[in-house]
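Enquirer: If you scroll down you'll find the structure; I have some questions about it.
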Amino acid sequence: MGELVLKCQDLHKKFGKKEILKGVSLELYQGDILGFIGPNGAGKTTTIKLILGLQSITSGVVSINGYDIEKQFTKAIEKVGAIIENPDLYMYLTGFENLKLVANMYPEVDRTRIMEVVKLVRLDNRINDKVSKYSLGMRQRLGVAQAILHKPKLLILDEPTNGLDPEGIKEMRDLLRELAQKEKMAIFISSHNLAEIETLCNKVCIIQNGNVIETTDMEKVKETAQIHYHFVVDDSEKLKEVLGYPTEIKQKTEAIVDIIKEQVPEAVKELVKNDVKIYGIYEEQMSLEDAFLKKTGGNTID
């Protein structure tokens with residue numbers, strides 16, 4: 001585990017009498033990629049705004065690299081990069097000119113660092129083309145390049161793969177993994193794309209109704225949700241009748257049964273006793289979406 005980069009402690013946010021955040025706490029360490037997920041209205045955007053100092057905190061503390069975002073804003077924010085929604089780019093300028101404009105704000109960022117970042121985001125061959133000629137994926141990567149010019153320790157991204165085609169999504173995924181590994185950044189990603197979060201992030205934080213209901217390693221969040229088993233039989237309706245466990249019938253010969261590993265032998269025994277032919281049983285790999293729906297009581301991400 002690397003050094004602690006981001007710590008949110010008991011964050012509350014009220015707008016008038018309405019409480020949006022009700023004690024949000026989370027931590028993000030160097031080299032981690034955290035997926036921040038929850039239904040619409042759960043408090044994701046508000047949390048990001050509090051982290052970045054874009055809104056005042058009703059109570060609680062945000063600490064970035066050991067600095068309080070409200071009391072020591074300049075020190076806290078100086079090693080943070082962020083893209084909220086779409087990157088701000090000048091379409092009539094080249095990629096390099098866009099980067100140079102941002103670099104002018106940081107005395108320590110020279111041409112060498114600009115070209116280093118250009119190579120990192122794989123825009124070497126197109127950096128002198130006008131941004132208007134870039135694909136959406138290239139613009140997203142240029143936006144990331146802008147955000148990491150000053151070597152931030154924390155990178156915050158809101159929907160980084162939104163609107164990208166499969167190739168663009170893969171390029172973004174590879175880039176973010178490289179930033180976490182090579183540049184040792186802590187990366188905080190808010191996204192509706194649960195499948196992408198699952199393949200990219202090593203940690204996940206689930207927020208619902210302004211409360212964090214779980215923050216854990218990606219694999220653990222799926223393990224702690226109830227395991228279910230896929231049965232292949234001659235009659236799934238009869239299986240459901242015989243077993244009595246919560247069962248989702250997929251088709252005439254297939255069903256998903258919510259049972260734990262220790263209950264499988266007894267289930268097999270009951271099925272055989274009741275003349276249900278069994279052709280196969282295997283553990284159903286729970287996706288992040290499955291785990292999310294179970295933990296939020298069926299609330300969808302949208």
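Letters A, B, ... go to the chains of the structure tokens in the order shown; residues in each chain start at 1; ligands are counted from 1 in the same order.
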What's around range 25-28 of chain A at 10 Å? Count only C-alpha atoms, leave out sequence neighbours fewer than 3 positions away in its own chain, and write the answer as a PyMOL selection string.
Expert: chain A and resi 2-12+22+31-34+60-64+154+186-188+203+205+211-212+214-216
Enquirer: Considering only C-alpha atoms, give me a table of residues in range 117-166 of chain A that are at most 9 Å from range 171-177 of chain A, with the closest atom pair and distance in Å for each, as JSON lines.
Expert:
```
{"residue": "A:Leu120", "atom": "CA", "partner": "A:Leu175", "partner_atom": "CA", "distance": 7.6}
{"residue": "A:Val121", "atom": "CA", "partner": "A:Leu175", "partner_atom": "CA", "distance": 6.4}
{"residue": "A:Arg122", "atom": "CA", "partner": "A:Leu175", "partner_atom": "CA", "distance": 8.6}
{"residue": "A:Gly137", "atom": "CA", "partner": "A:Met172", "partner_atom": "CA", "distance": 7.7}
{"residue": "A:Gln140", "atom": "CA", "partner": "A:Met172", "partner_atom": "CA", "distance": 8.0}
{"residue": "A:Arg141", "atom": "CA", "partner": "A:Met172", "partner_atom": "CA", "distance": 7.0}
{"residue": "A:Pro160", "atom": "CA", "partner": "A:Met172", "partner_atom": "CA", "distance": 7.7}
{"residue": "A:Thr161", "atom": "CA", "partner": "A:Met172", "partner_atom": "CA", "distance": 7.0}
{"residue": "A:Pro166", "atom": "CA", "partner": "A:Glu171", "partner_atom": "CA", "distance": 8.7}
```
Enquirer: Using only N, CA, C and O atoms, please write the residues we just selected to a file, as an mmCIF file, in the first residue's frame.
Expert:
```
data_model
loop_
_atom_site.group_PDB
_atom_site.id
_atom_site.type_symbol
_atom_site.label_atom_id
_atom_site.label_comp_id
_atom_site.auth_asym_id
_atom_site.auth_seq_id
_atom_site.Cartn_x
_atom_site.Cartn_y
_atom_site.Cartn_z
ATOM 1 N N LEU A 120 3.272 9.582 -23.361
ATOM 2 C CA LEU A 120 2.524 8.767 -22.406
ATOM 3 C C LEU A 120 1.091 8.538 -22.864
ATOM 4 O O LEU A 120 0.543 7.441 -22.742
ATOM 5 N N VAL A 121 0.465 9.570 -23.435
ATOM 6 C CA VAL A 121 -0.933 9.445 -23.883
ATOM 7 C C VAL A 121 -1.031 9.000 -25.348
ATOM 8 O O VAL A 121 -2.108 8.978 -25.931
ATOM 9 N N ARG A 122 0.112 8.678 -25.923
ATOM 10 C CA ARG A 122 0.210 8.119 -27.283
ATOM 11 C C ARG A 122 -0.382 9.045 -28.351
ATOM 12 O O ARG A 122 -1.176 8.644 -29.187
ATOM 13 N N GLY A 137 -11.846 9.970 -28.801
ATOM 14 C CA GLY A 137 -10.888 9.293 -27.927
ATOM 15 C C GLY A 137 -9.580 10.058 -27.810
ATOM 16 O O GLY A 137 -8.985 10.146 -26.723
ATOM 17 N N GLN A 140 -10.080 13.006 -25.531
ATOM 18 C CA GLN A 140 -10.092 12.577 -24.135
ATOM 19 C C GLN A 140 -8.674 12.366 -23.628
ATOM 20 O O GLN A 140 -8.331 12.750 -22.504
ATOM 21 N N ARG A 141 -7.830 11.757 -24.448
ATOM 22 C CA ARG A 141 -6.445 11.529 -24.045
ATOM 23 C C ARG A 141 -5.668 12.841 -23.932
ATOM 24 O O ARG A 141 -4.812 12.999 -23.064
ATOM 25 N N PRO A 160 -14.857 9.190 -17.731
ATOM 26 C CA PRO A 160 -13.761 9.320 -18.709
ATOM 27 C C PRO A 160 -13.958 8.562 -20.014
ATOM 28 O O PRO A 160 -13.325 8.891 -21.011
ATOM 29 N N THR A 161 -14.840 7.546 -20.019
ATOM 30 C CA THR A 161 -15.050 6.771 -21.249
ATOM 31 C C THR A 161 -16.392 7.084 -21.904
ATOM 32 O O THR A 161 -16.793 6.410 -22.844
ATOM 33 N N PRO A 166 -15.376 1.210 -28.574
ATOM 34 C CA PRO A 166 -14.595 0.185 -27.861
ATOM 35 C C PRO A 166 -13.084 0.408 -27.930
ATOM 36 O O PRO A 166 -12.378 0.185 -26.936
#
```
Enquirer: Write out as number ranges by chain the residues lying within 8 Å of Asn209 in chain A, counting only C-alpha atoms and excluding same-chain residues fewer than 5 positions away.
Expert: A: 20-21, 41-43
Enquirer: Just to confirm, what's the straight-line distance from CA of Ser135 in chain A to CA of Glu159 in chain A in Å (one decimal)?
Expert: 17.0 Å
Enquirer: Can you pull out every residue from range 76-229 of chain A that DSSP, working from the backbone, puts in strand (DSSP E), and format the result as JSON, numbers by chain?
Expert: {"A": [80, 81, 82, 83, 154, 155, 156, 157, 158, 186, 187, 188, 189, 190, 203, 204, 205, 206, 207, 208, 211, 212, 213, 214, 215, 216, 217, 228, 229]}
Enquirer: Could you pull out the alpha helix (DSSP H) residues of range 202-276 of chain A from DSSP and send them as a PyMOL selection string?
Expert: chain A and resi 218-224+236-243+264-273
Enquirer: Excluding Ile278 in chain A and its own-chain neighbours fewer than 3 positions away, which residues fall within 7 Å of it when counting only C-alpha atoms? Please give them as a ChimeraX atom specification.
Expert: /A:232-234
Enquirer: So which residues touch range 124-132 of chain A within 7 Å, counting only C-alpha atoms, skipping near sequence neighbours fewer than 4 positions away, as an NGL selection string?
Expert: :A and (91-96 or 118-119)
Enquirer: Near range 105-117 of chain A, counting only C-alpha atoms, which residues have an atom at most 7 Å away, once you skip same-chain residues fewer than 6 positions from it, shown as a list of chain:residue names?
Expert: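 Selected residues are A:Ala145, A:Leu149, A:His150.
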